[in-house]
Amino acid sequence: MPVDESNRSAKIAGRGVSIAYGSRRIVEDLDLVVPERRFTALVGPNGSGKSTILRTFAGLMRATGGSILLDGRSIATLGAREMARRVGVLLQGPVAPEGLTVRDLVQQGRYPHRSLFGRWSEADQAACEEAMMLTGTTTLADTPLDTLSGGQRQRAWIAMTLAQQSEVLLLDEPTTFLDLAHQIELMNLITVLVRDHRKTVVAVLHDLNQAARYAEHVVLLKDGRIAAAGHPSDVISQDTIADVFGVRSMVIRDPVAGTPLCVPL
Amino acid sequence: MTRCLLVLVIILAGLVIASLALGDVALSRQDLWETLTGSHDRTSRNAMIVFDLRLPRVLLAALVGAALATAGTITLAIMRNPLAEPGVLGINSGAAVAVMAVIVLLQDPPALLPPVAGFAGAAAMAAAVFLLSWRGGTSSLRIILTGIGLGSLAGAATTFLSAFGDIGDVQRAMIWLAGSVYDASLAKVRFLFLWLVIPLALAWMASRELDLIRFGDDTAKSFGQPVDRTRGLMIVLCTLISGAAVAAAGLIGFVGLVAPHVAGRLVGPSHARILPVAALCGAILVVAADLLGRLVIAPVQIPAGIVTGLIGAPFFASLLWKRRHARG
Amino acid sequence: MIRPYGMNTARRMANDGGRPLGLLLLFCLLVAAVLWSLASGARHIPLATVWHAVVGFDGSREHLLVMLIRLPRVLAAVLAGSALAVSGVIMQVVTNNPLASPGLLGINAGAAFAVVLVMTLFGTGTGDVYMWYAFGGAGAAALLVHGMGSFGPSGHSTIGLVIAGAIVATFLTALTSAILIFDQNTLDAVRLWTAGSVTGRTMAQNAAVAPYILTGLAAGLFLGRHLVTLSLGAEAARSLGQNQAVWRSVSIAVVILLAGSAVSLAGPIGFVGLVVPHIVRLTIGADYRWVLPFSAVGGALLVVVADLAGRMIFGSQDFPVGVTTALIGAPFFLWLARSRAGGGS
């Protein structure tokens, strides 16, 4: 049942955003709306600018043109800490210093909430415990990160981002390195975060069907432009897939969830 | 952590006592005790040896070691390169060229000039490295490369001076630069202590910032850290700390490189713990090096900076290797 | 840590296909510099005479000057420069650390220590005998570092090699300083050598190390493809089926051959091995199949020009080439680092 997204206010909105690496232009004049308390998936072929857009929305890269509004206010006017309290980011392939335990890592997530000389508070502790509980890393708390499997490590990083307790979560390909069971677990976790914890989640996903199944709002990107955006069942069709990925396919109804399912021909 | 600190403090205390007691004139335990507690006349020969010669020297060694180790820890965190030590910021090469120039060109400079020149050279070099690598922001790679470039220019100037200067002056400069605490005095110790206390405290209070910046610029930024400002402030602290250590004792290498690695392996990755442990390790290393340098081929004294290389290097090699074995 | 700045520039260069042309141009520059170096000096010798001296040596004063003084000197500069630059490239890839250079293997420290030790024990003599001690010292130190790096519990880890190198180099440097601080005669005799110099090299000395350097250069160029894979990092290299331990050992053997020979010929010049690889990567990108030949030619060019500049500008026959390479190369390198490295908004 398609939801009319226009009723929902925009949590983050890019208006006429342009992004460039040096003289190479990645994105030009992009208008992108992230609906509040929804799971938005950015999908597109390699090099379509997904990660770049996510990084720019996180304030890690400066847009060369246009503006990015968080609750209607330009993120350029927000301080770094303020921004980090409201928007959490998990980048691809993050690297942790040697010897860190999961708990050490998750506690870093409290950085934006602590003043320069502020002590570790009960709220900090509670946020970390909750983050580890939600990601199932509580039992790993004292394990060094370097000894974990790829999937466990990824969950620890997600816990770190959750400990930040931001209203918005931006995740860059969070399912990479995860096996099927953990991918599903992560998607369910995102669903819970959006439904029960009132979060707005934006994730770059490379699996179109995963996006269709779990996301409520899908943005298809091609060459730094939006090819289509909206509810999965409105957006995912043979035509858009051919346009964006250059793949001939058939779109059928997922027999379990009723969402669109793309089967390449 | 507490146990580790305690053990290190006991080792340091033992070394300090040994440094006070041993030397050309060895003091018995009782002599030393009586001298320290003041039951002897303060003008006695023992009192003079302990208070005027050995105490300033051992205190200076401990301070310099702690300073170098702290500066090394900061550099390691902000550069995220296992080879990073304050020398990467040009501090050593700047001090070396300034001291070499002062000694070789002025022939017989006043005693105060080499240390002042050393500090000035170190600070000027660090500032130049930071400013030249600033381009709308910092990047650790650009700082490292700029440090290499400016460092090799300064190194070329040092080499030039040492290849063509008067051989006696060159040797004197080399001894100065080799790093030693020969000419310690209580006044010098007091000055260095007052100079270091604020930067060292600030570094420790900023340990959370160091914890985060080690994750890399992007991750640190995404948690709201003003990375460029943090790195700049840390470089200033580092320059104040290690520049002063170099001015007081010349170039004692290796301490800044190895103390943070050792501390990290002893107490884990949190800088609130690494910093004090590294400082203690650095103090132990320099005090031990000075003691050995005085004793092994007495009456000839080997500069502490050379002993840290000769004994510190193999010792820490074995320590790091064993530790890694233990970790599996 | 090395990769980030390579990629964009690589793309830039690959698009216009300028690399073969650039390499040719650089090589022509090297030939011109060599010729200029042969012709100029206290006494100018026309190029025609230089040519005749090489092809039809007649024993005249000018021919003697060319064959006995200038040609050996410029050859030493070419050999040492290319060997140091190529070994620097290999070191930076193997350790994946932009601060690495052949010196990190203990090559410079080992050579300096061996030379200083021999001078102290047996008195100072002519430069000829020291070559072999330098080579031996360099090789021994490098093998020690490699051994410590590989037999550490983490196996062939990069960090093990880096720390082992720092430890060995520190130890040997400390020994050297300990000797020099107490022995003024040796300090006086060795200080020009430690600055790095190609003054007074003979044809025999060149001939002695040339086979090693040429073998090393050939092996280094052959390594290019494997270095590309090594530079991708441990996991990628393993997944591509590269036996890392083997290729890392081979790479280090090549570095020992090259840098050991170069140091025994021209003294411990640190700058070339550290900076030329960066200059090349910043200019043409990080494809090691091209970085290696560019570095070989560029390193030779830098040392030849530096030697020439030392003679022309400072008017001194024994101005240490180690100083002039840095004076000429460092400003250029700083400009490159500032304008191209590490992003920044």
# chains A, B, ... in the order shown; residues from 1 in each chain; ligands from 1
>>> interface_residues(of="chain B", to="chain C", cutoff="8 Å", atoms="only C-alpha atoms", output="PDB file with N, CA, C and O atoms, in the first residue's frame")
ATOM      1  N   ASN B  81      50.533   7.121  11.887  1.00  0.00           N
ATOM      2  CA  ASN B  81      51.583   6.416  11.167  1.00  0.00           C
ATOM      3  C   ASN B  81      52.524   5.853  12.215  1.00  0.00           C
ATOM      4  O   ASN B  81      52.998   6.594  13.062  1.00  0.00           O
ATOM      5  N   PRO B  82      52.773   4.522  12.172  1.00  0.00           N
ATOM      6  CA  PRO B  82      53.595   3.929  13.238  1.00  0.00           C
ATOM      7  C   PRO B  82      55.012   4.492  13.289  1.00  0.00           C
ATOM      8  O   PRO B  82      55.693   4.325  14.281  1.00  0.00           O
ATOM      9  N   LEU B  83      55.452   5.142  12.204  1.00  0.00           N
ATOM     10  CA  LEU B  83      56.795   5.725  12.219  1.00  0.00           C
ATOM     11  C   LEU B  83      56.783   7.167  12.682  1.00  0.00           C
ATOM     12  O   LEU B  83      57.812   7.826  12.733  1.00  0.00           O
ATOM     13  N   LEU B 132      52.975  25.277   5.605  1.00  0.00           N
ATOM     14  CA  LEU B 132      53.146  24.868   4.210  1.00  0.00           C
ATOM     15  C   LEU B 132      52.194  23.746   3.832  1.00  0.00           C
ATOM     16  O   LEU B 132      51.837  23.593   2.675  1.00  0.00           O
ATOM     17  N   SER B 133      51.801  22.934   4.814  1.00  0.00           N
ATOM     18  CA  SER B 133      50.926  21.821   4.458  1.00  0.00           C
ATOM     19  C   SER B 133      49.450  22.200   4.585  1.00  0.00           C
ATOM     20  O   SER B 133      48.583  21.412   4.253  1.00  0.00           O
ATOM     21  N   TRP B 134      49.183  23.399   5.063  1.00  0.00           N
ATOM     22  CA  TRP B 134      47.792  23.837   5.192  1.00  0.00           C
ATOM     23  C   TRP B 134      47.270  24.254   3.835  1.00  0.00           C
ATOM     24  O   TRP B 134      47.837  25.093   3.157  1.00  0.00           O
ATOM     25  N   ARG B 135      46.185  23.624   3.415  1.00  0.00           N
ATOM     26  CA  ARG B 135      45.539  24.093   2.186  1.00  0.00           C
ATOM     27  C   ARG B 135      44.044  23.952   2.401  1.00  0.00           C
ATOM     28  O   ARG B 135      43.456  22.955   2.047  1.00  0.00           O
ATOM     29  N   GLY B 136      43.453  24.950   3.019  1.00  0.00           N
ATOM     30  CA  GLY B 136      42.040  24.877   3.341  1.00  0.00           C
ATOM     31  C   GLY B 136      41.747  23.735   4.289  1.00  0.00           C
ATOM     32  O   GLY B 136      40.635  23.238   4.360  1.00  0.00           O
ATOM     33  N   GLY B 137      42.750  23.286   5.009  1.00  0.00           N
ATOM     34  CA  GLY B 137      42.596  22.159   5.911  1.00  0.00           C
ATOM     35  C   GLY B 137      43.922  21.419   6.001  1.00  0.00           C
ATOM     36  O   GLY B 137      44.857  21.747   5.275  1.00  0.00           O
ATOM     37  N   THR B 138      43.975  20.456   6.903  1.00  0.00           N
ATOM     38  CA  THR B 138      45.206  19.685   7.024  1.00  0.00           C
ATOM     39  C   THR B 138      44.947  18.268   6.542  1.00  0.00           C
ATOM     40  O   THR B 138      43.814  17.861   6.382  1.00  0.00           O
ATOM     41  N   SER B 139      46.015  17.542   6.300  1.00  0.00           N
ATOM     42  CA  SER B 139      45.891  16.115   6.032  1.00  0.00           C
ATOM     43  C   SER B 139      47.178  15.505   6.532  1.00  0.00           C
ATOM     44  O   SER B 139      48.247  16.095   6.375  1.00  0.00           O
ATOM     45  N   SER B 140      47.071  14.349   7.192  1.00  0.00           N
ATOM     46  CA  SER B 140      48.298  13.837   7.803  1.00  0.00           C
ATOM     47  C   SER B 140      49.308  13.474   6.734  1.00  0.00           C
ATOM     48  O   SER B 140      50.503  13.651   6.927  1.00  0.00           O
ATOM     49  N   LEU B 141      48.841  13.002   5.582  1.00  0.00           N
ATOM     50  CA  LEU B 141      49.798  12.669   4.529  1.00  0.00           C
ATOM     51  C   LEU B 141      50.561  13.913   4.083  1.00  0.00           C
ATOM     52  O   LEU B 141      51.773  13.896   3.909  1.00  0.00           O
ATOM     53  N   ARG B 142      49.823  15.034   3.916  1.00  0.00           N
ATOM     54  CA  ARG B 142      50.500  16.247   3.445  1.00  0.00           C
ATOM     55  C   ARG B 142      51.486  16.752   4.495  1.00  0.00           C
ATOM     56  O   ARG B 142      52.557  17.244   4.166  1.00  0.00           O
ATOM     57  N   ILE B 144      53.110  14.873   6.611  1.00  0.00           N
ATOM     58  CA  ILE B 144      54.270  13.969   6.568  1.00  0.00           C
ATOM     59  C   ILE B 144      55.176  14.313   5.395  1.00  0.00           C
ATOM     60  O   ILE B 144      56.390  14.446   5.546  1.00  0.00           O
ATOM     61  N   LEU B 145      54.575  14.511   4.222  1.00  0.00           N
ATOM     62  CA  LEU B 145      55.391  14.806   3.045  1.00  0.00           C
ATOM     63  C   LEU B 145      56.106  16.133   3.205  1.00  0.00           C
ATOM     64  O   LEU B 145      57.287  16.273   2.879  1.00  0.00           O
ATOM     65  N   THR B 146      55.381  17.147   3.707  1.00  0.00           N
ATOM     66  CA  THR B 146      56.015  18.444   3.905  1.00  0.00           C
ATOM     67  C   THR B 146      57.144  18.329   4.923  1.00  0.00           C
ATOM     68  O   THR B 146      58.210  18.932   4.760  1.00  0.00           O
ATOM     69  N   ILE B 148      58.959  15.715   5.437  1.00  0.00           N
ATOM     70  CA  ILE B 148      60.091  15.082   4.755  1.00  0.00           C
ATOM     71  C   ILE B 148      60.858  16.121   3.945  1.00  0.00           C
ATOM     72  O   ILE B 148      62.083  16.215   4.006  1.00  0.00           O
ATOM     73  N   GLY B 149      60.114  16.930   3.207  1.00  0.00           N
ATOM     74  CA  GLY B 149      60.751  17.911   2.324  1.00  0.00           C
ATOM     75  C   GLY B 149      61.551  18.938   3.108  1.00  0.00           C
ATOM     76  O   GLY B 149      62.754  19.146   2.866  1.00  0.00           O
ATOM     77  N   LEU B 150      60.895  19.587   4.061  1.00  0.00           N
ATOM     78  CA  LEU B 150      61.595  20.612   4.844  1.00  0.00           C
ATOM     79  C   LEU B 150      62.697  19.982   5.684  1.00  0.00           C
ATOM     80  O   LEU B 150      63.778  20.550   5.844  1.00  0.00           O
ATOM     81  N   SER B 152      64.503  17.422   4.918  1.00  0.00           N
ATOM     82  CA  SER B 152      65.710  17.116   4.156  1.00  0.00           C
ATOM     83  C   SER B 152      66.451  18.395   3.778  1.00  0.00           C
ATOM     84  O   SER B 152      67.677  18.381   3.651  1.00  0.00           O
ATOM     85  N   LEU B 153      65.726  19.503   3.631  1.00  0.00           N
ATOM     86  CA  LEU B 153      66.432  20.774   3.412  1.00  0.00           C
ATOM     87  C   LEU B 153      67.285  21.116   4.635  1.00  0.00           C
ATOM     88  O   LEU B 153      68.464  21.464   4.523  1.00  0.00           O
ATOM     89  N   ALA B 156      70.181  18.876   4.847  1.00  0.00           N
ATOM     90  CA  ALA B 156      71.244  19.228   3.909  1.00  0.00           C
ATOM     91  C   ALA B 156      72.089  20.361   4.484  1.00  0.00           C
ATOM     92  O   ALA B 156      73.320  20.343   4.393  1.00  0.00           O
ATOM     93  N   ALA B 157      71.417  21.336   5.099  1.00  0.00           N
ATOM     94  CA  ALA B 157      72.170  22.452   5.685  1.00  0.00           C
ATOM     95  C   ALA B 157      73.053  21.953   6.828  1.00  0.00           C
ATOM     96  O   ALA B 157      74.224  22.342   6.944  1.00  0.00           O
ATOM     97  N   THR B 159      74.261  18.910   7.187  1.00  0.00           N
ATOM     98  CA  THR B 159      75.350  18.153   6.594  1.00  0.00           C
ATOM     99  C   THR B 159      76.423  19.088   6.041  1.00  0.00           C
ATOM    100  O   THR B 159      77.624  18.869   6.220  1.00  0.00           O
ATOM    101  N   PHE B 160      75.964  20.142   5.371  1.00  0.00           N
ATOM    102  CA  PHE B 160      76.908  21.088   4.794  1.00  0.00           C
ATOM    103  C   PHE B 160      77.792  21.690   5.888  1.00  0.00           C
ATOM    104  O   PHE B 160      79.023  21.718   5.777  1.00  0.00           O
ATOM    105  N   SER B 162      78.404  20.508   8.797  1.00  0.00           N
ATOM    106  CA  SER B 162      79.274  19.544   9.463  1.00  0.00           C
ATOM    107  C   SER B 162      80.381  19.065   8.533  1.00  0.00           C
ATOM    108  O   SER B 162      81.424  18.632   8.993  1.00  0.00           O
ATOM    109  N   ALA B 163      80.182  19.175   7.218  1.00  0.00           N
ATOM    110  CA  ALA B 163      81.232  18.731   6.306  1.00  0.00           C
ATOM    111  C   ALA B 163      82.326  19.789   6.156  1.00  0.00           C
ATOM    112  O   ALA B 163      83.473  19.454   5.883  1.00  0.00           O
ATOM    113  N   ILE B 167      86.550  21.205  12.558  1.00  0.00           N
ATOM    114  CA  ILE B 167      86.262  19.862  13.053  1.00  0.00           C
ATOM    115  C   ILE B 167      85.947  19.851  14.549  1.00  0.00           C
ATOM    116  O   ILE B 167      85.078  19.116  15.021  1.00  0.00           O
ATOM    117  N   GLY B 168      86.628  20.713  15.301  1.00  0.00           N
ATOM    118  CA  GLY B 168      86.368  20.777  16.750  1.00  0.00           C
ATOM    119  C   GLY B 168      84.947  21.246  17.027  1.00  0.00           C
ATOM    120  O   GLY B 168      84.228  20.681  17.864  1.00  0.00           O
ATOM    121  N   GLN B 171      82.428  18.578  16.147  1.00  0.00           N
ATOM    122  CA  GLN B 171      82.335  17.530  17.152  1.00  0.00           C
ATOM    123  C   GLN B 171      81.565  18.015  18.387  1.00  0.00           C
ATOM    124  O   GLN B 171      80.759  17.287  18.951  1.00  0.00           O
ATOM    125  N   MET B 174      78.021  17.939  17.589  1.00  0.00           N
ATOM    126  CA  MET B 174      77.520  16.558  17.567  1.00  0.00           C
ATOM    127  C   MET B 174      77.262  16.040  18.973  1.00  0.00           C
ATOM    128  O   MET B 174      76.273  15.350  19.226  1.00  0.00           O
ATOM    129  N   ILE B 175      78.180  16.392  19.892  1.00  0.00           N
ATOM    130  CA  ILE B 175      77.985  15.933  21.273  1.00  0.00           C
ATOM    131  C   ILE B 175      76.722  16.574  21.843  1.00  0.00           C
ATOM    132  O   ILE B 175      75.893  15.918  22.469  1.00  0.00           O
ATOM    133  N   ALA B 178      73.813  14.889  20.334  1.00  0.00           N
ATOM    134  CA  ALA B 178      73.642  13.466  20.661  1.00  0.00           C
ATOM    135  C   ALA B 178      72.674  13.282  21.819  1.00  0.00           C
ATOM    136  O   ALA B 178      72.134  12.201  22.013  1.00  0.00           O
ATOM    137  N   GLY B 253      66.800  10.546  20.647  1.00  0.00           N
ATOM    138  CA  GLY B 253      65.853   9.907  19.742  1.00  0.00           C
ATOM    139  C   GLY B 253      65.245   8.670  20.369  1.00  0.00           C
ATOM    140  O   GLY B 253      65.566   8.306  21.502  1.00  0.00           O
ATOM    141  N   PHE B 254      64.346   8.040  19.652  1.00  0.00           N
ATOM    142  CA  PHE B 254      63.848   6.727  19.991  1.00  0.00           C
ATOM    143  C   PHE B 254      62.823   6.712  21.118  1.00  0.00           C
ATOM    144  O   PHE B 254      61.900   5.930  21.077  1.00  0.00           O
ATOM    145  N   ILE B 302      78.990   8.453  28.342  1.00  0.00           N
ATOM    146  CA  ILE B 302      78.340   8.347  27.036  1.00  0.00           C
ATOM    147  C   ILE B 302      77.038   9.136  27.111  1.00  0.00           C
ATOM    148  O   ILE B 302      76.264   8.955  28.048  1.00  0.00           O
ATOM    149  N   GLY B 305      71.482  10.121  24.911  1.00  0.00           N
ATOM    150  CA  GLY B 305      70.829   9.910  23.621  1.00  0.00           C
ATOM    151  C   GLY B 305      71.418   8.721  22.881  1.00  0.00           C
ATOM    152  O   GLY B 305      70.716   8.020  22.153  1.00  0.00           O
ATOM    153  N   ILE B 306      72.729   8.499  23.063  1.00  0.00           N
ATOM    154  CA  ILE B 306      73.353   7.355  22.403  1.00  0.00           C
ATOM    155  C   ILE B 306      72.990   6.070  23.135  1.00  0.00           C
ATOM    156  O   ILE B 306      72.715   5.042  22.514  1.00  0.00           O
ATOM    157  N   VAL B 307      72.949   6.153  24.450  1.00  0.00           N
ATOM    158  CA  VAL B 307      72.614   4.930  25.214  1.00  0.00           C
ATOM    159  C   VAL B 307      71.177   4.494  24.922  1.00  0.00           C
ATOM    160  O   VAL B 307      70.911   3.289  24.803  1.00  0.00           O
ATOM    161  N   GLY B 309      69.689   4.597  22.229  1.00  0.00           N
ATOM    162  CA  GLY B 309      69.755   3.832  20.997  1.00  0.00           C
ATOM    163  C   GLY B 309      70.427   2.484  21.196  1.00  0.00           C
ATOM    164  O   GLY B 309      69.952   1.463  20.709  1.00  0.00           O
ATOM    165  N   LEU B 310      71.535   2.489  21.959  1.00  0.00           N
ATOM    166  CA  LEU B 310      72.321   1.261  22.099  1.00  0.00           C
ATOM    167  C   LEU B 310      71.608   0.213  22.932  1.00  0.00           C
ATOM    168  O   LEU B 310      71.638  -0.975  22.620  1.00  0.00           O
ATOM    169  N   ILE B 311      71.014   0.643  24.022  1.00  0.00           N
ATOM    170  CA  ILE B 311      70.403  -0.328  24.929  1.00  0.00           C
ATOM    171  C   ILE B 311      68.892  -0.345  24.792  1.00  0.00           C
ATOM    172  O   ILE B 311      68.268  -1.393  24.759  1.00  0.00           O
ATOM    173  N   ALA B 313      67.092   0.281  22.168  1.00  0.00           N
ATOM    174  CA  ALA B 313      66.604  -0.343  20.939  1.00  0.00           C
ATOM    175  C   ALA B 313      66.488  -1.858  21.079  1.00  0.00           C
ATOM    176  O   ALA B 313      65.404  -2.406  20.888  1.00  0.00           O
ATOM    177  N   PRO B 314      67.565  -2.563  21.444  1.00  0.00           N
ATOM    178  CA  PRO B 314      67.406  -4.018  21.575  1.00  0.00           C
ATOM    179  C   PRO B 314      66.397  -4.405  22.659  1.00  0.00           C
ATOM    180  O   PRO B 314      65.603  -5.329  22.475  1.00  0.00           O
ATOM    181  N   ALA B 317      62.978  -3.899  21.392  1.00  0.00           N
ATOM    182  CA  ALA B 317      62.718  -4.886  20.355  1.00  0.00           C
ATOM    183  C   ALA B 317      62.231  -6.177  20.991  1.00  0.00           C
ATOM    184  O   ALA B 317      61.186  -6.715  20.624  1.00  0.00           O
ATOM    185  N   TRP B 321      58.424  -7.752  20.758  1.00  0.00           N
ATOM    186  CA  TRP B 321      58.255  -9.070  20.145  1.00  0.00           C
ATOM    187  C   TRP B 321      57.560 -10.031  21.106  1.00  0.00           C
ATOM    188  O   TRP B 321      56.684 -10.761  20.735  1.00  0.00           O
ATOM    189  N   ARG B 324      53.917  -9.294  21.461  1.00  0.00           N
ATOM    190  CA  ARG B 324      53.102  -9.724  20.342  1.00  0.00           C
ATOM    191  C   ARG B 324      52.886 -11.220  20.367  1.00  0.00           C
ATOM    192  O   ARG B 324      51.837 -11.713  20.014  1.00  0.00           O
ATOM    193  N   HIS B 325      53.925 -11.944  20.800  1.00  0.00           N
ATOM    194  CA  HIS B 325      53.780 -13.375  20.977  1.00  0.00           C
ATOM    195  C   HIS B 325      52.606 -13.658  21.904  1.00  0.00           C
ATOM    196  O   HIS B 325      51.768 -14.483  21.635  1.00  0.00           O
ATOM    197  N   GLY B 328      49.305 -13.423  20.556  1.00  0.00           N
ATOM    198  CA  GLY B 328      48.900 -14.486  19.649  1.00  0.00           C
ATOM    199  C   GLY B 328      49.128 -14.097  18.213  1.00  0.00           C
ATOM    200  O   GLY B 328      48.629 -14.710  17.321  1.00  0.00           O
TER     201      GLY B 328
END
>>> interface_residues(of="chain A", to="chain C", cutoff="12 Å", atoms="only C-alpha atoms", output="list in words")
Ile19, Ala20, Tyr21, Gly22, Ser23, Arg24, Leu60, Met61, Arg62, Ala63, Thr64 and Glu98 of chain A
>>> write_last_selection(atoms="C-alpha atoms", output="PDB file, in the first residue's frame")
ATOM      1  CA  ILE A  19      29.339  18.270  -5.647  1.00  0.00           C
ATOM      2  CA  ALA A  20      32.771  18.036  -7.246  1.00  0.00           C
ATOM      3  CA  TYR A  21      36.133  16.416  -6.538  1.00  0.00           C
ATOM      4  CA  GLY A  22      38.522  19.081  -7.752  1.00  0.00           C
ATOM      5  CA  SER A  23      37.483  19.714 -11.337  1.00  0.00           C
ATOM      6  CA  ARG A  24      35.559  16.434 -11.673  1.00  0.00           C
ATOM      7  CA  LEU A  60      31.871  15.434   5.508  1.00  0.00           C
ATOM      8  CA  MET A  61      32.156  17.004   2.074  1.00  0.00           C
ATOM      9  CA  ARG A  62      31.147  20.511   1.230  1.00  0.00           C
ATOM     10  CA  ALA A  63      28.675  20.928  -1.598  1.00  0.00           C
ATOM     11  CA  THR A  64      30.050  23.247  -4.268  1.00  0.00           C
ATOM     12  CA  GLU A  98      44.872  -1.445  16.899  1.00  0.00           C
TER      13      GLU A  98
END
>>> interface_residues(of="chain A", to="chain B", cutoff="9 Å", atoms="only C-alpha atoms", output="number ranges by chain")
A: 58-60, 79-85, 87-91, 94-101, 104, 108-112, 116-117, 161, 164
>>> atom_distance(atom1="CA of Cys262 (chain A)", atom2="CA of Leu208 (chain A)")
7.6 Å
>>> residues_around(residues="region 202-219 of chain C", least_positions_apart="2", cutoff="7 Å", atoms="only C-alpha atoms", output="list in words")
Leu68, Pro72, Ala76, Leu79, Ala83, Gly200, Leu221, Phe222, Leu223, Val254, Leu257, Leu258 and Ser261 of chain C
>>> residues_around(residues="Ser19 (chain B)", least_positions_apart="4", cutoff="10 Å", atoms="only C-alpha atoms", output="list of chain:residue names")
B:Ala13, B:Gly14, B:Leu15, B:Gly23, B:Ala26, B:Val50, B:Arg54, B:Leu55, B:Arg57, B:Val58, B:Val287, B:Ala288, B:Asp290, B:Leu291, B:Leu292, B:Arg294, B:Leu295
>>> closest_residue(among="B:Ile143, B:Trp33, B:Pro199, B:Arg190", to="Leu131 (chain B)", atoms="only C-alpha atoms")
B:Ile143
>>> decode(residues="region 154-200 of chain A", atoms="C-alpha atoms", output="short mmCIF file (atom, residue, chain, number, x, y, z; two decimals), in the first residue's frame")
data_model
loop_
_atom_site.label_atom_id
_atom_site.label_comp_id
_atom_site.auth_asym_id
_atom_site.auth_seq_id
_atom_site.Cartn_x
_atom_site.Cartn_y
_atom_site.Cartn_z
CA GLN A 154 30.35 -4.38 11.20
CA ARG A 155 27.75 -4.75 13.97
CA ALA A 156 30.18 -3.17 16.43
CA TRP A 157 30.57 -0.18 14.14
CA ILE A 158 26.80 0.10 13.83
CA ALA A 159 26.59 0.01 17.62
CA MET A 160 29.06 2.90 17.75
CA THR A 161 26.86 4.91 15.42
CA LEU A 162 23.75 4.03 17.45
CA ALA A 163 25.44 5.15 20.67
CA GLN A 164 25.56 8.58 19.09
CA GLN A 165 21.75 8.68 19.57
CA SER A 166 21.16 10.88 16.57
CA GLU A 167 17.70 11.28 15.03
CA VAL A 168 19.20 10.59 11.62
CA LEU A 169 21.40 7.65 10.64
CA LEU A 170 23.30 7.64 7.37
CA LEU A 171 24.74 4.21 6.49
CA ASP A 172 27.04 3.60 3.54
CA GLU A 173 26.59 0.02 2.32
CA PRO A 174 26.02 -1.34 5.83
CA THR A 175 25.37 -4.90 4.62
CA THR A 176 28.79 -5.37 3.01
CA PHE A 177 30.73 -8.15 4.79
CA LEU A 178 27.52 -9.54 6.33
CA ASP A 179 26.23 -13.01 5.61
CA LEU A 180 22.60 -13.47 4.65
CA ALA A 181 21.35 -14.01 8.21
CA HIS A 182 23.11 -10.90 9.48
CA GLN A 183 21.92 -8.87 6.50
CA ILE A 184 18.34 -9.74 7.35
CA GLU A 185 19.01 -9.04 11.01
CA LEU A 186 20.40 -5.61 10.13
CA MET A 187 17.43 -4.78 7.93
CA ASN A 188 15.09 -5.80 10.73
CA LEU A 189 17.10 -3.65 13.13
CA ILE A 190 16.68 -0.67 10.84
CA THR A 191 12.95 -1.35 10.69
CA VAL A 192 12.80 -1.39 14.49
CA LEU A 193 14.84 1.79 14.74
CA VAL A 194 12.50 3.60 12.37
CA ARG A 195 9.27 2.22 13.85
CA ASP A 196 10.01 2.15 17.58
CA HIS A 197 12.85 4.60 18.03
CA ARG A 198 11.59 7.30 15.69
CA LYS A 199 14.81 7.41 13.65
CA THR A 200 15.24 8.57 10.11
#
